[in-house]
Amino acid sequence: AGDLVERRERVLTDAALAGPQGRLLFAFLATRRNQAISKTQVIDAVWGTRTPPSADTTINAITSKLRAALRTLGIPPPHGVATEVGTYQFVVPEAWVDVEHARTAIDRAEGALRRDDPHEAWPDANVAAAIASQSFLPDEQHPWVQQQREMITRVLRRALLVLSIVSARNGEYELGIQHAAEALAAEPFDELACQTLIRAHAAAGNRAEALRVY
């Protein structure tokens with residue numbers, strides 16, 4: 001989104017990250033922290049089709065500034081951004097990456113629902129929905145950014161469906177209808193969202209509305 005927040009409630013501003021390019025580098029590596037990324041991929045993620053002739057040296061300077069910014073958060077070498085054999089990797093084992101946590105949370109929520117444990121599903125689905133409702137680098141249009149947004153949108157849709165099902169089971173029919181309707185609005189041809197909305201209306205006794213959705 002805007003400023004990127006790290007631990008200890010300190011904020012890394014665009015200026016600390018060497019501007020928008022530093023923010024892109026940080027986000028790209030942090031959302032792929034289990035992978036070693038080639039320098040070519042990193043440069044493409046930061047500049048795309050507008051790669052400057054000096055990109056090879058400029059990316060080194062941006063990386064150095066990102067490392068320095070991370071050190072202000074108490075992340076000492078060798079943690080931070082590791083570069084080895086022409087690759088880059090975000091190495092902060094204790095880091096909490098929100099989009100990563102959202103994916104884990106919705107997996108847990110759906111698993112709990114399959115076990116018929118709505119009380120366990122509810123908090124994880126709420127966490128996933130809260131994270132996935134946030135914008136991701138709204139001012140950027142790089143292909144990888146758009147792919148990340150699509151993934152986040154899928155997480156939100158899945159979370160809304162879990163919340164709808166649990167709400168309806170708890171007798172909170174209007175809330176169940178609202179969550180399912182939001183999921184269907186995001187993806188109008190989603191059969192699962194359509195079925196969930198129909199069931200929510202039916203559970204609320206809104207037979208006419210259920211038929212209208214159908």
# chains A, B, ... in the order shown; residues from 1 in each chain; ligands from 1
call {"tool": "select_by_dssp", "arguments": {"residues": "region 74-134 of chain A", "states": "alpha helix (DSSP H)", "output": "short mmCIF file (atom, residue, chain, number, x, y, z; two decimals) with all heavy atoms, in the first residue's frame"}}
result
data_model
loop_
_atom_site.label_atom_id
_atom_site.label_comp_id
_atom_site.auth_asym_id
_atom_site.auth_seq_id
_atom_site.Cartn_x
_atom_site.Cartn_y
_atom_site.Cartn_z
N ASP A 98 2.08 -10.10 5.51
CA ASP A 98 0.62 -10.15 5.60
C ASP A 98 -0.03 -11.03 4.54
O ASP A 98 -0.91 -11.84 4.87
CB ASP A 98 0.02 -8.74 5.60
CG ASP A 98 0.41 -7.90 4.40
OD1 ASP A 98 1.18 -8.39 3.54
OD2 ASP A 98 -0.06 -6.74 4.31
N VAL A 99 0.37 -10.90 3.28
CA VAL A 99 -0.31 -11.70 2.24
C VAL A 99 -0.01 -13.19 2.41
O VAL A 99 -0.86 -14.04 2.11
CB VAL A 99 0.09 -11.23 0.82
CG1 VAL A 99 -0.44 -9.83 0.57
CG2 VAL A 99 1.59 -11.28 0.59
N GLU A 100 1.16 -13.49 2.91
CA GLU A 100 1.51 -14.88 3.20
C GLU A 100 0.63 -15.41 4.33
O GLU A 100 0.12 -16.54 4.27
CB GLU A 100 2.99 -14.93 3.59
CG GLU A 100 3.56 -16.28 3.87
CD GLU A 100 5.04 -16.18 4.24
OE1 GLU A 100 5.87 -15.95 3.34
OE2 GLU A 100 5.36 -16.29 5.45
N HIS A 101 0.43 -14.58 5.35
CA HIS A 101 -0.40 -14.98 6.48
C HIS A 101 -1.86 -15.14 6.05
O HIS A 101 -2.57 -16.02 6.55
CB HIS A 101 -0.30 -13.93 7.59
CG HIS A 101 -0.92 -14.36 8.89
ND1 HIS A 101 -0.36 -15.31 9.71
CD2 HIS A 101 -2.08 -13.98 9.49
CE1 HIS A 101 -1.13 -15.50 10.77
NE2 HIS A 101 -2.18 -14.70 10.65
N ALA A 102 -2.31 -14.31 5.13
CA ALA A 102 -3.69 -14.40 4.65
C ALA A 102 -3.94 -15.74 3.96
O ALA A 102 -4.98 -16.38 4.16
CB ALA A 102 -4.00 -13.25 3.69
N ARG A 103 -2.97 -16.17 3.14
CA ARG A 103 -3.12 -17.47 2.46
C ARG A 103 -3.17 -18.61 3.47
O ARG A 103 -3.98 -19.54 3.34
CB ARG A 103 -1.96 -17.68 1.47
CG ARG A 103 -2.02 -16.82 0.24
CD ARG A 103 -1.11 -17.36 -0.85
NE ARG A 103 0.27 -17.45 -0.41
CZ ARG A 103 1.19 -16.50 -0.61
NH1 ARG A 103 0.85 -15.38 -1.23
NH2 ARG A 103 2.42 -16.66 -0.19
N THR A 104 -2.30 -18.55 4.47
CA THR A 104 -2.29 -19.59 5.49
C THR A 104 -3.59 -19.59 6.28
O THR A 104 -4.15 -20.65 6.57
CB THR A 104 -1.10 -19.37 6.44
OG1 THR A 104 0.11 -19.39 5.70
CG2 THR A 104 -1.04 -20.45 7.51
N ALA A 105 -4.08 -18.39 6.60
CA ALA A 105 -5.29 -18.28 7.40
C ALA A 105 -6.51 -18.83 6.66
O ALA A 105 -7.33 -19.55 7.25
CB ALA A 105 -5.53 -16.82 7.79
N ILE A 106 -6.64 -18.54 5.36
CA ILE A 106 -7.81 -19.04 4.65
C ILE A 106 -7.73 -20.55 4.44
O ILE A 106 -8.75 -21.24 4.47
CB ILE A 106 -8.03 -18.30 3.30
CG1 ILE A 106 -9.40 -18.65 2.72
CG2 ILE A 106 -6.93 -18.59 2.31
CD1 ILE A 106 -10.57 -18.45 3.66
N ASP A 107 -6.52 -21.09 4.29
CA ASP A 107 -6.37 -22.55 4.21
C ASP A 107 -6.85 -23.20 5.50
O ASP A 107 -7.55 -24.23 5.48
CB ASP A 107 -4.92 -22.93 3.93
CG ASP A 107 -4.48 -22.65 2.50
OD1 ASP A 107 -5.36 -22.45 1.64
OD2 ASP A 107 -3.27 -22.63 2.24
N ARG A 108 -6.47 -22.59 6.63
CA ARG A 108 -6.90 -23.14 7.92
C ARG A 108 -8.41 -23.03 8.09
O ARG A 108 -9.07 -23.94 8.59
CB ARG A 108 -6.20 -22.40 9.07
CG ARG A 108 -4.74 -22.76 9.27
CD ARG A 108 -4.27 -22.35 10.67
NE ARG A 108 -4.47 -20.93 10.89
CZ ARG A 108 -3.51 -20.01 10.80
NH1 ARG A 108 -2.27 -20.38 10.50
NH2 ARG A 108 -3.77 -18.74 11.04
N ALA A 109 -8.97 -21.90 7.66
CA ALA A 109 -10.41 -21.68 7.81
C ALA A 109 -11.20 -22.69 6.99
O ALA A 109 -12.18 -23.28 7.48
CB ALA A 109 -10.76 -20.26 7.37
N GLU A 110 -10.78 -22.91 5.75
CA GLU A 110 -11.48 -23.89 4.91
C GLU A 110 -11.32 -25.30 5.46
O GLU A 110 -12.25 -26.11 5.40
CB GLU A 110 -10.97 -23.80 3.48
CG GLU A 110 -11.39 -22.51 2.78
CD GLU A 110 -10.78 -22.36 1.40
OE1 GLU A 110 -9.73 -23.00 1.13
OE2 GLU A 110 -11.34 -21.61 0.58
N GLY A 111 -10.13 -25.60 6.01
CA GLY A 111 -9.92 -26.90 6.61
C GLY A 111 -10.83 -27.12 7.81
O GLY A 111 -11.40 -28.21 7.98
N ALA A 112 -10.99 -26.08 8.62
CA ALA A 112 -11.87 -26.18 9.79
C ALA A 112 -13.32 -26.39 9.36
O ALA A 112 -14.06 -27.16 9.98
CB ALA A 112 -11.75 -24.92 10.64
N LEU A 113 -13.71 -25.72 8.27
CA LEU A 113 -15.08 -25.86 7.79
C LEU A 113 -15.32 -27.28 7.28
O LEU A 113 -16.39 -27.86 7.50
CB LEU A 113 -15.33 -24.85 6.67
CG LEU A 113 -16.79 -24.43 6.43
CD1 LEU A 113 -17.41 -23.87 7.71
CD2 LEU A 113 -16.86 -23.41 5.32
N ARG A 114 -14.31 -27.84 6.61
CA ARG A 114 -14.45 -29.23 6.15
C ARG A 114 -14.56 -30.20 7.32
O ARG A 114 -15.19 -31.25 7.20
CB ARG A 114 -13.26 -29.61 5.26
CG ARG A 114 -13.29 -29.00 3.87
CD ARG A 114 -12.27 -29.64 2.95
NE ARG A 114 -10.90 -29.35 3.37
CZ ARG A 114 -10.20 -28.29 2.97
NH1 ARG A 114 -10.75 -27.40 2.16
NH2 ARG A 114 -8.96 -28.11 3.39
N PRO A 118 -17.09 -24.72 12.62
CA PRO A 118 -17.25 -23.31 12.24
C PRO A 118 -16.62 -22.33 13.23
O PRO A 118 -16.18 -21.24 12.85
CB PRO A 118 -18.77 -23.12 12.17
CG PRO A 118 -19.33 -24.23 13.01
CD PRO A 118 -18.39 -25.38 12.85
N HIS A 119 -16.57 -22.70 14.52
CA HIS A 119 -15.98 -21.81 15.51
C HIS A 119 -14.48 -21.61 15.25
O HIS A 119 -13.93 -20.54 15.52
CB HIS A 119 -16.21 -22.36 16.92
CG HIS A 119 -17.65 -22.41 17.31
ND1 HIS A 119 -18.41 -21.26 17.47
CD2 HIS A 119 -18.49 -23.46 17.55
CE1 HIS A 119 -19.66 -21.60 17.81
NE2 HIS A 119 -19.72 -22.92 17.86
N GLU A 120 -13.83 -22.64 14.73
CA GLU A 120 -12.42 -22.54 14.39
C GLU A 120 -12.23 -21.80 13.06
O GLU A 120 -11.24 -21.09 12.86
CB GLU A 120 -11.81 -23.94 14.29
CG GLU A 120 -10.31 -23.98 14.13
CD GLU A 120 -9.57 -23.57 15.39
OE1 GLU A 120 -10.15 -23.68 16.48
OE2 GLU A 120 -8.41 -23.10 15.26
N ALA A 121 -13.18 -21.98 12.16
CA ALA A 121 -13.07 -21.36 10.84
C ALA A 121 -13.25 -19.85 10.88
O ALA A 121 -12.59 -19.11 10.14
CB ALA A 121 -14.12 -21.97 9.89
N TRP A 122 -14.11 -19.38 11.76
CA TRP A 122 -14.49 -17.96 11.78
C TRP A 122 -13.31 -17.00 11.98
O TRP A 122 -13.13 -16.07 11.17
CB TRP A 122 -15.56 -17.74 12.85
CG TRP A 122 -15.99 -16.31 13.01
CD1 TRP A 122 -15.56 -15.41 13.93
CD2 TRP A 122 -16.93 -15.62 12.19
NE1 TRP A 122 -16.17 -14.20 13.76
CE2 TRP A 122 -17.03 -14.29 12.70
CE3 TRP A 122 -17.70 -15.98 11.08
CZ2 TRP A 122 -17.86 -13.33 12.13
CZ3 TRP A 122 -18.54 -15.03 10.51
CH2 TRP A 122 -18.61 -13.73 11.04
N PRO A 123 -12.48 -17.17 13.02
CA PRO A 123 -11.41 -16.18 13.22
C PRO A 123 -10.38 -16.16 12.10
O PRO A 123 -9.92 -15.08 11.70
CB PRO A 123 -10.78 -16.61 14.56
CG PRO A 123 -11.18 -18.03 14.76
CD PRO A 123 -12.51 -18.16 14.10
N ASP A 124 -10.02 -17.33 11.57
CA ASP A 124 -9.05 -17.36 10.48
C ASP A 124 -9.61 -16.72 9.22
O ASP A 124 -8.89 -16.01 8.49
CB ASP A 124 -8.61 -18.81 10.19
CG ASP A 124 -7.55 -19.30 11.16
OD1 ASP A 124 -6.69 -18.49 11.55
OD2 ASP A 124 -7.58 -20.48 11.53
N ALA A 125 -10.88 -16.96 8.93
CA ALA A 125 -11.50 -16.34 7.76
C ALA A 125 -11.56 -14.82 7.93
O ALA A 125 -11.37 -14.07 6.97
CB ALA A 125 -12.90 -16.91 7.54
N ASN A 126 -11.81 -14.37 9.13
CA ASN A 126 -11.84 -12.93 9.40
C ASN A 126 -10.48 -12.30 9.18
O ASN A 126 -10.37 -11.21 8.60
CB ASN A 126 -12.29 -12.68 10.85
CG ASN A 126 -13.75 -12.25 10.92
OD1 ASN A 126 -14.20 -11.42 10.15
ND2 ASN A 126 -14.49 -12.84 11.85
N VAL A 127 -9.43 -12.97 9.65
CA VAL A 127 -8.07 -12.47 9.46
C VAL A 127 -7.75 -12.38 7.96
O VAL A 127 -7.23 -11.38 7.47
CB VAL A 127 -7.04 -13.38 10.18
CG1 VAL A 127 -5.62 -13.05 9.73
CG2 VAL A 127 -7.17 -13.22 11.68
N ALA A 128 -8.05 -13.46 7.24
CA ALA A 128 -7.78 -13.49 5.80
C ALA A 128 -8.53 -12.38 5.08
O ALA A 128 -7.98 -11.69 4.21
CB ALA A 128 -8.16 -14.85 5.22
N ALA A 129 -9.79 -12.18 5.44
CA ALA A 129 -10.61 -11.14 4.79
C ALA A 129 -10.07 -9.74 5.10
O ALA A 129 -10.02 -8.87 4.22
CB ALA A 129 -12.06 -11.26 5.23
N ALA A 130 -9.66 -9.53 6.35
CA ALA A 130 -9.15 -8.21 6.74
C ALA A 130 -7.88 -7.86 5.96
O ALA A 130 -7.71 -6.73 5.49
CB ALA A 130 -8.88 -8.18 8.24
N ILE A 131 -6.99 -8.83 5.82
CA ILE A 131 -5.74 -8.58 5.10
C ILE A 131 -6.02 -8.41 3.61
O ILE A 131 -5.51 -7.48 2.97
CB ILE A 131 -4.75 -9.74 5.32
CG1 ILE A 131 -4.30 -9.78 6.78
CG2 ILE A 131 -3.54 -9.60 4.40
CD1 ILE A 131 -3.48 -11.01 7.14
N ALA A 132 -6.82 -9.31 3.05
CA ALA A 132 -7.07 -9.29 1.61
C ALA A 132 -7.91 -8.09 1.17
O ALA A 132 -7.98 -7.79 -0.03
CB ALA A 132 -7.75 -10.59 1.19
#
call {"tool": "residues_around", "arguments": {"residues": "region 79-84 of chain A", "least_positions_apart": "4", "cutoff": "10 Å", "atoms": "only C-alpha atoms", "output": "list in words"}}
result
Phe26, Leu29, Ala30, Arg33, Ala36, Ile37, Ser38, Lys39, Asn60, Thr63, Ser64, Leu66, Arg67, Ala68, Ala69, Leu70, Arg71, Gly74, Ile75, Tyr88, Gln89, Phe90, Val91, Val92 and Pro93 of chain A
call {"tool": "write_last_selection", "arguments": {"atoms": "N, CA, C and O atoms", "output": "compact mmCIF listing (two decimals), in the first residue's frame"}}
result
# COMPACT_ATOMS: atom_id res chain seq x y z
N PHE A 26 11.40 -4.35 -2.28
CA PHE A 26 11.04 -4.91 -0.98
C PHE A 26 9.82 -5.82 -1.09
O PHE A 26 9.81 -6.96 -0.61
N LEU A 29 10.53 -9.13 -3.19
CA LEU A 29 11.31 -10.13 -2.47
C LEU A 29 10.56 -10.68 -1.26
O LEU A 29 10.62 -11.89 -0.97
N ALA A 30 9.86 -9.81 -0.53
CA ALA A 30 9.15 -10.25 0.67
C ALA A 30 8.03 -11.23 0.35
O ALA A 30 7.77 -12.16 1.13
N ARG A 33 9.77 -14.83 -0.35
CA ARG A 33 10.94 -14.98 0.51
C ARG A 33 11.47 -16.40 0.59
O ARG A 33 12.57 -16.62 1.09
N ALA A 36 15.06 -17.93 -4.13
CA ALA A 36 16.20 -17.12 -4.54
C ALA A 36 15.85 -16.62 -5.94
O ALA A 36 15.60 -17.41 -6.86
N ILE A 37 15.81 -15.30 -6.13
CA ILE A 37 15.36 -14.69 -7.38
C ILE A 37 16.56 -14.19 -8.18
O ILE A 37 17.45 -13.54 -7.62
N SER A 38 16.57 -14.47 -9.47
CA SER A 38 17.69 -14.03 -10.30
C SER A 38 17.69 -12.51 -10.43
O SER A 38 16.65 -11.85 -10.31
N LYS A 39 18.86 -11.97 -10.70
CA LYS A 39 18.99 -10.52 -10.85
C LYS A 39 18.15 -10.02 -12.02
O LYS A 39 17.54 -8.95 -11.94
N ASN A 60 21.94 -2.47 -7.50
CA ASN A 60 22.86 -2.68 -6.38
C ASN A 60 22.73 -1.57 -5.35
O ASN A 60 22.73 -1.82 -4.14
N THR A 63 19.44 -1.96 -3.48
CA THR A 63 19.53 -3.06 -2.54
C THR A 63 20.31 -2.64 -1.29
O THR A 63 19.92 -2.98 -0.16
N SER A 64 21.37 -1.89 -1.49
CA SER A 64 22.16 -1.41 -0.35
C SER A 64 21.32 -0.51 0.56
O SER A 64 21.40 -0.60 1.79
N LEU A 66 18.05 -0.58 0.84
CA LEU A 66 17.06 -1.43 1.50
C LEU A 66 17.69 -2.14 2.69
O LEU A 66 17.08 -2.22 3.77
N ARG A 67 18.89 -2.65 2.52
CA ARG A 67 19.59 -3.30 3.64
C ARG A 67 19.77 -2.33 4.80
O ARG A 67 19.56 -2.68 5.96
N ALA A 68 20.18 -1.10 4.48
CA ALA A 68 20.39 -0.10 5.51
C ALA A 68 19.08 0.22 6.24
O ALA A 68 19.05 0.37 7.47
N ALA A 69 17.98 0.29 5.48
CA ALA A 69 16.67 0.57 6.08
C ALA A 69 16.27 -0.56 7.01
O ALA A 69 15.73 -0.33 8.11
N LEU A 70 16.52 -1.80 6.61
CA LEU A 70 16.18 -2.94 7.45
C LEU A 70 17.01 -2.97 8.72
O LEU A 70 16.54 -3.39 9.78
N ARG A 71 18.24 -2.49 8.64
CA ARG A 71 19.09 -2.46 9.83
C ARG A 71 18.53 -1.49 10.87
O ARG A 71 18.70 -1.69 12.08
N GLY A 74 16.47 -3.14 13.32
CA GLY A 74 17.11 -4.13 14.16
C GLY A 74 17.34 -5.46 13.48
O GLY A 74 17.42 -6.49 14.13
N ILE A 75 17.42 -5.44 12.15
CA ILE A 75 17.67 -6.67 11.39
C ILE A 75 19.12 -6.62 10.89
O ILE A 75 19.43 -5.96 9.91
N TYR A 88 18.88 -12.94 -5.49
CA TYR A 88 18.46 -12.11 -4.35
C TYR A 88 17.42 -12.88 -3.56
O TYR A 88 16.57 -13.59 -4.13
N GLN A 89 17.46 -12.71 -2.23
CA GLN A 89 16.45 -13.37 -1.40
C GLN A 89 16.24 -12.57 -0.12
O GLN A 89 17.19 -12.08 0.50
N PHE A 90 14.97 -12.44 0.26
CA PHE A 90 14.60 -11.77 1.51
C PHE A 90 14.73 -12.79 2.63
O PHE A 90 13.98 -13.77 2.68
N VAL A 91 15.69 -12.57 3.52
CA VAL A 91 15.98 -13.55 4.56
C VAL A 91 15.76 -12.91 5.93
O VAL A 91 16.67 -12.33 6.53
N VAL A 92 14.54 -13.00 6.40
CA VAL A 92 14.18 -12.54 7.75
C VAL A 92 13.22 -13.60 8.29
O VAL A 92 11.99 -13.47 8.15
N PRO A 93 13.75 -14.66 8.89
CA PRO A 93 12.92 -15.80 9.28
C PRO A 93 11.72 -15.44 10.14
O PRO A 93 10.66 -16.06 10.02
call {"tool": "closest_atom_pairs", "arguments": {"of": "region 40-81 of chain A", "to": "region 143-148 of chain A", "cutoff": "10 Å", "atoms": "only C-alpha atoms", "output": "JSON lines"}}
result
{"residue": "A:Asp44", "atom": "CA", "partner": "A:Trp144", "partner_atom": "CA", "distance": 9.5}
{"residue": "A:Ala45", "atom": "CA", "partner": "A:Trp144", "partner_atom": "CA", "distance": 6.9}
{"residue": "A:Val46", "atom": "CA", "partner": "A:Trp144", "partner_atom": "CA", "distance": 9.9}
{"residue": "A:Gly48", "atom": "CA", "partner": "A:Pro143", "partner_atom": "CA", "distance": 8.3}
call {"tool": "closest_residue", "arguments": {"among": "A:Ala180, A:Leu73, A:Leu137, A:Ala186", "to": "His201 (chain A)", "atoms": "only C-alpha atoms"}}
result
A:Ala180
call {"tool": "closest_residue", "arguments": {"among": "A:Tyr173, A:Phe136, A:Phe189, A:Phe28", "to": "Gly205 (chain A)", "atoms": "only C-alpha atoms"}}
result
A:Tyr173
call {"tool": "select_by_dssp", "arguments": {"residues": "region 53-83 of chain A", "states": "strand (DSSP E)", "output": "ChimeraX atom specification"}}
result
/A:80-83
call {"tool": "write_last_selection", "arguments": {"atoms": "C-alpha atoms", "output": "mmCIF file, in the first residue's frame"}}
result
data_model
loop_
_atom_site.group_PDB
_atom_site.id
_atom_site.type_symbol
_atom_site.label_atom_id
_atom_site.label_comp_id
_atom_site.auth_asym_id
_atom_site.auth_seq_id
_atom_site.Cartn_x
_atom_site.Cartn_y
_atom_site.Cartn_z
ATOM 1 C CA GLY A 80 17.835 -8.826 5.344
ATOM 2 C CA VAL A 81 18.483 -9.079 1.629
ATOM 3 C CA ALA A 82 20.929 -11.842 0.758
ATOM 4 C CA THR A 83 22.697 -11.824 -2.596
#
call {"tool": "atom_distance", "arguments": {"atom1": "CA of Thr196 (chain A)", "atom2": "CA of Ile152 (chain A)"}}
result
20.2 Å
call {"tool": "closest_residue", "arguments": {"among": "A:Glu140, A:Pro77, A:Asp116, A:Thr57", "to": "Pro20 (chain A)", "atoms": "only C-alpha atoms"}}
result
A:Glu140
call {"tool": "closest_residue", "arguments": {"among": "A:Thr40, A:Gln178, A:Thr49, A:Ser133", "to": "Leu161 (chain A)", "atoms": "only C-alpha atoms"}}
result
A:Gln178
call {"tool": "atom_distance", "arguments": {"atom1": "CA of Arg32 (chain A)", "atom2": "CA of Gln134 (chain A)"}}
result
18.8 Å
call {"tool": "atom_distance", "arguments": {"atom1": "CA of Arg23 (chain A)", "atom2": "CA of Ser54 (chain A)"}}
result
18.6 Å
call {"tool": "decode", "arguments": {"residues": "region 174-194 of chain A", "atoms": "N, CA, C and O atoms", "output": "PDB file, in the first residue's frame"}}
result
ATOM      1  N   GLU A 174     -28.549 -12.305   7.705  1.00  0.00           N
ATOM      2  CA  GLU A 174     -28.263 -11.107   6.916  1.00  0.00           C
ATOM      3  C   GLU A 174     -26.770 -10.952   6.666  1.00  0.00           C
ATOM      4  O   GLU A 174     -26.341 -10.557   5.582  1.00  0.00           O
ATOM      5  N   LEU A 175     -25.978 -11.286   7.682  1.00  0.00           N
ATOM      6  CA  LEU A 175     -24.521 -11.220   7.528  1.00  0.00           C
ATOM      7  C   LEU A 175     -24.058 -12.270   6.525  1.00  0.00           C
ATOM      8  O   LEU A 175     -23.181 -12.008   5.692  1.00  0.00           O
ATOM      9  N   GLY A 176     -24.660 -13.452   6.597  1.00  0.00           N
ATOM     10  CA  GLY A 176     -24.321 -14.508   5.641  1.00  0.00           C
ATOM     11  C   GLY A 176     -24.642 -14.099   4.214  1.00  0.00           C
ATOM     12  O   GLY A 176     -23.857 -14.343   3.287  1.00  0.00           O
ATOM     13  N   ILE A 177     -25.789 -13.455   4.037  1.00  0.00           N
ATOM     14  CA  ILE A 177     -26.197 -12.972   2.714  1.00  0.00           C
ATOM     15  C   ILE A 177     -25.227 -11.897   2.226  1.00  0.00           C
ATOM     16  O   ILE A 177     -24.798 -11.900   1.061  1.00  0.00           O
ATOM     17  N   GLN A 178     -24.867 -10.985   3.124  1.00  0.00           N
ATOM     18  CA  GLN A 178     -23.963  -9.889   2.753  1.00  0.00           C
ATOM     19  C   GLN A 178     -22.606 -10.416   2.282  1.00  0.00           C
ATOM     20  O   GLN A 178     -22.089  -9.985   1.251  1.00  0.00           O
ATOM     21  N   HIS A 179     -22.025 -11.348   3.031  1.00  0.00           N
ATOM     22  CA  HIS A 179     -20.711 -11.884   2.661  1.00  0.00           C
ATOM     23  C   HIS A 179     -20.774 -12.609   1.311  1.00  0.00           C
ATOM     24  O   HIS A 179     -19.892 -12.436   0.462  1.00  0.00           O
ATOM     25  N   ALA A 180     -21.795 -13.430   1.119  1.00  0.00           N
ATOM     26  CA  ALA A 180     -21.916 -14.173  -0.139  1.00  0.00           C
ATOM     27  C   ALA A 180     -22.159 -13.234  -1.314  1.00  0.00           C
ATOM     28  O   ALA A 180     -21.630 -13.435  -2.408  1.00  0.00           O
ATOM     29  N   ALA A 181     -22.963 -12.190  -1.084  1.00  0.00           N
ATOM     30  CA  ALA A 181     -23.239 -11.218  -2.144  1.00  0.00           C
ATOM     31  C   ALA A 181     -21.965 -10.482  -2.552  1.00  0.00           C
ATOM     32  O   ALA A 181     -21.747 -10.211  -3.741  1.00  0.00           O
ATOM     33  N   GLU A 182     -21.118 -10.160  -1.584  1.00  0.00           N
ATOM     34  CA  GLU A 182     -19.848  -9.497  -1.898  1.00  0.00           C
ATOM     35  C   GLU A 182     -18.949 -10.416  -2.722  1.00  0.00           C
ATOM     36  O   GLU A 182     -18.290  -9.965  -3.666  1.00  0.00           O
ATOM     37  N   ALA A 183     -18.924 -11.692  -2.369  1.00  0.00           N
ATOM     38  CA  ALA A 183     -18.106 -12.647  -3.122  1.00  0.00           C
ATOM     39  C   ALA A 183     -18.621 -12.782  -4.547  1.00  0.00           C
ATOM     40  O   ALA A 183     -17.840 -12.815  -5.508  1.00  0.00           O
ATOM     41  N   LEU A 184     -19.940 -12.812  -4.715  1.00  0.00           N
ATOM     42  CA  LEU A 184     -20.522 -12.944  -6.050  1.00  0.00           C
ATOM     43  C   LEU A 184     -20.330 -11.675  -6.870  1.00  0.00           C
ATOM     44  O   LEU A 184     -20.097 -11.749  -8.087  1.00  0.00           O
ATOM     45  N   ALA A 185     -20.389 -10.529  -6.233  1.00  0.00           N
ATOM     46  CA  ALA A 185     -20.181  -9.272  -6.944  1.00  0.00           C
ATOM     47  C   ALA A 185     -18.760  -9.175  -7.486  1.00  0.00           C
ATOM     48  O   ALA A 185     -18.523  -8.624  -8.562  1.00  0.00           O
ATOM     49  N   ALA A 186     -17.818  -9.746  -6.739  1.00  0.00           N
ATOM     50  CA  ALA A 186     -16.419  -9.722  -7.175  1.00  0.00           C
ATOM     51  C   ALA A 186     -16.179 -10.653  -8.354  1.00  0.00           C
ATOM     52  O   ALA A 186     -15.314 -10.395  -9.197  1.00  0.00           O
ATOM     53  N   GLU A 187     -16.975 -11.728  -8.437  1.00  0.00           N
ATOM     54  CA  GLU A 187     -16.827 -12.697  -9.519  1.00  0.00           C
ATOM     55  C   GLU A 187     -18.220 -13.201  -9.894  1.00  0.00           C
ATOM     56  O   GLU A 187     -18.685 -14.235  -9.411  1.00  0.00           O
ATOM     57  N   PRO A 188     -18.925 -12.460 -10.768  1.00  0.00           N
ATOM     58  CA  PRO A 188     -20.338 -12.750 -11.061  1.00  0.00           C
ATOM     59  C   PRO A 188     -20.627 -14.141 -11.613  1.00  0.00           C
ATOM     60  O   PRO A 188     -21.760 -14.609 -11.500  1.00  0.00           O
ATOM     61  N   PHE A 189     -19.629 -14.791 -12.212  1.00  0.00           N
ATOM     62  CA  PHE A 189     -19.871 -16.118 -12.780  1.00  0.00           C
ATOM     63  C   PHE A 189     -19.345 -17.242 -11.889  1.00  0.00           C
ATOM     64  O   PHE A 189     -19.176 -18.370 -12.329  1.00  0.00           O
ATOM     65  N   ASP A 190     -19.086 -16.916 -10.640  1.00  0.00           N
ATOM     66  CA  ASP A 190     -18.578 -17.898  -9.685  1.00  0.00           C
ATOM     67  C   ASP A 190     -19.740 -18.756  -9.175  1.00  0.00           C
ATOM     68  O   ASP A 190     -20.588 -18.301  -8.417  1.00  0.00           O
ATOM     69  N   GLU A 191     -19.770 -20.005  -9.594  1.00  0.00           N
ATOM     70  CA  GLU A 191     -20.880 -20.887  -9.234  1.00  0.00           C
ATOM     71  C   GLU A 191     -20.940 -21.140  -7.730  1.00  0.00           C
ATOM     72  O   GLU A 191     -22.022 -21.206  -7.141  1.00  0.00           O
ATOM     73  N   LEU A 192     -19.765 -21.281  -7.103  1.00  0.00           N
ATOM     74  CA  LEU A 192     -19.747 -21.549  -5.674  1.00  0.00           C
ATOM     75  C   LEU A 192     -20.301 -20.362  -4.887  1.00  0.00           C
ATOM     76  O   LEU A 192     -21.068 -20.541  -3.931  1.00  0.00           O
ATOM     77  N   ALA A 193     -19.936 -19.155  -5.308  1.00  0.00           N
ATOM     78  CA  ALA A 193     -20.467 -17.964  -4.638  1.00  0.00           C
ATOM     79  C   ALA A 193     -21.976 -17.862  -4.838  1.00  0.00           C
ATOM     80  O   ALA A 193     -22.709 -17.501  -3.913  1.00  0.00           O
ATOM     81  N   CYS A 194     -22.414 -18.207  -6.038  1.00  0.00           N
ATOM     82  CA  CYS A 194     -23.848 -18.185  -6.333  1.00  0.00           C
ATOM     83  C   CYS A 194     -24.602 -19.179  -5.443  1.00  0.00           C
ATOM     84  O   CYS A 194     -25.629 -18.852  -4.843  1.00  0.00           O
TER      85      CYS A 194
END
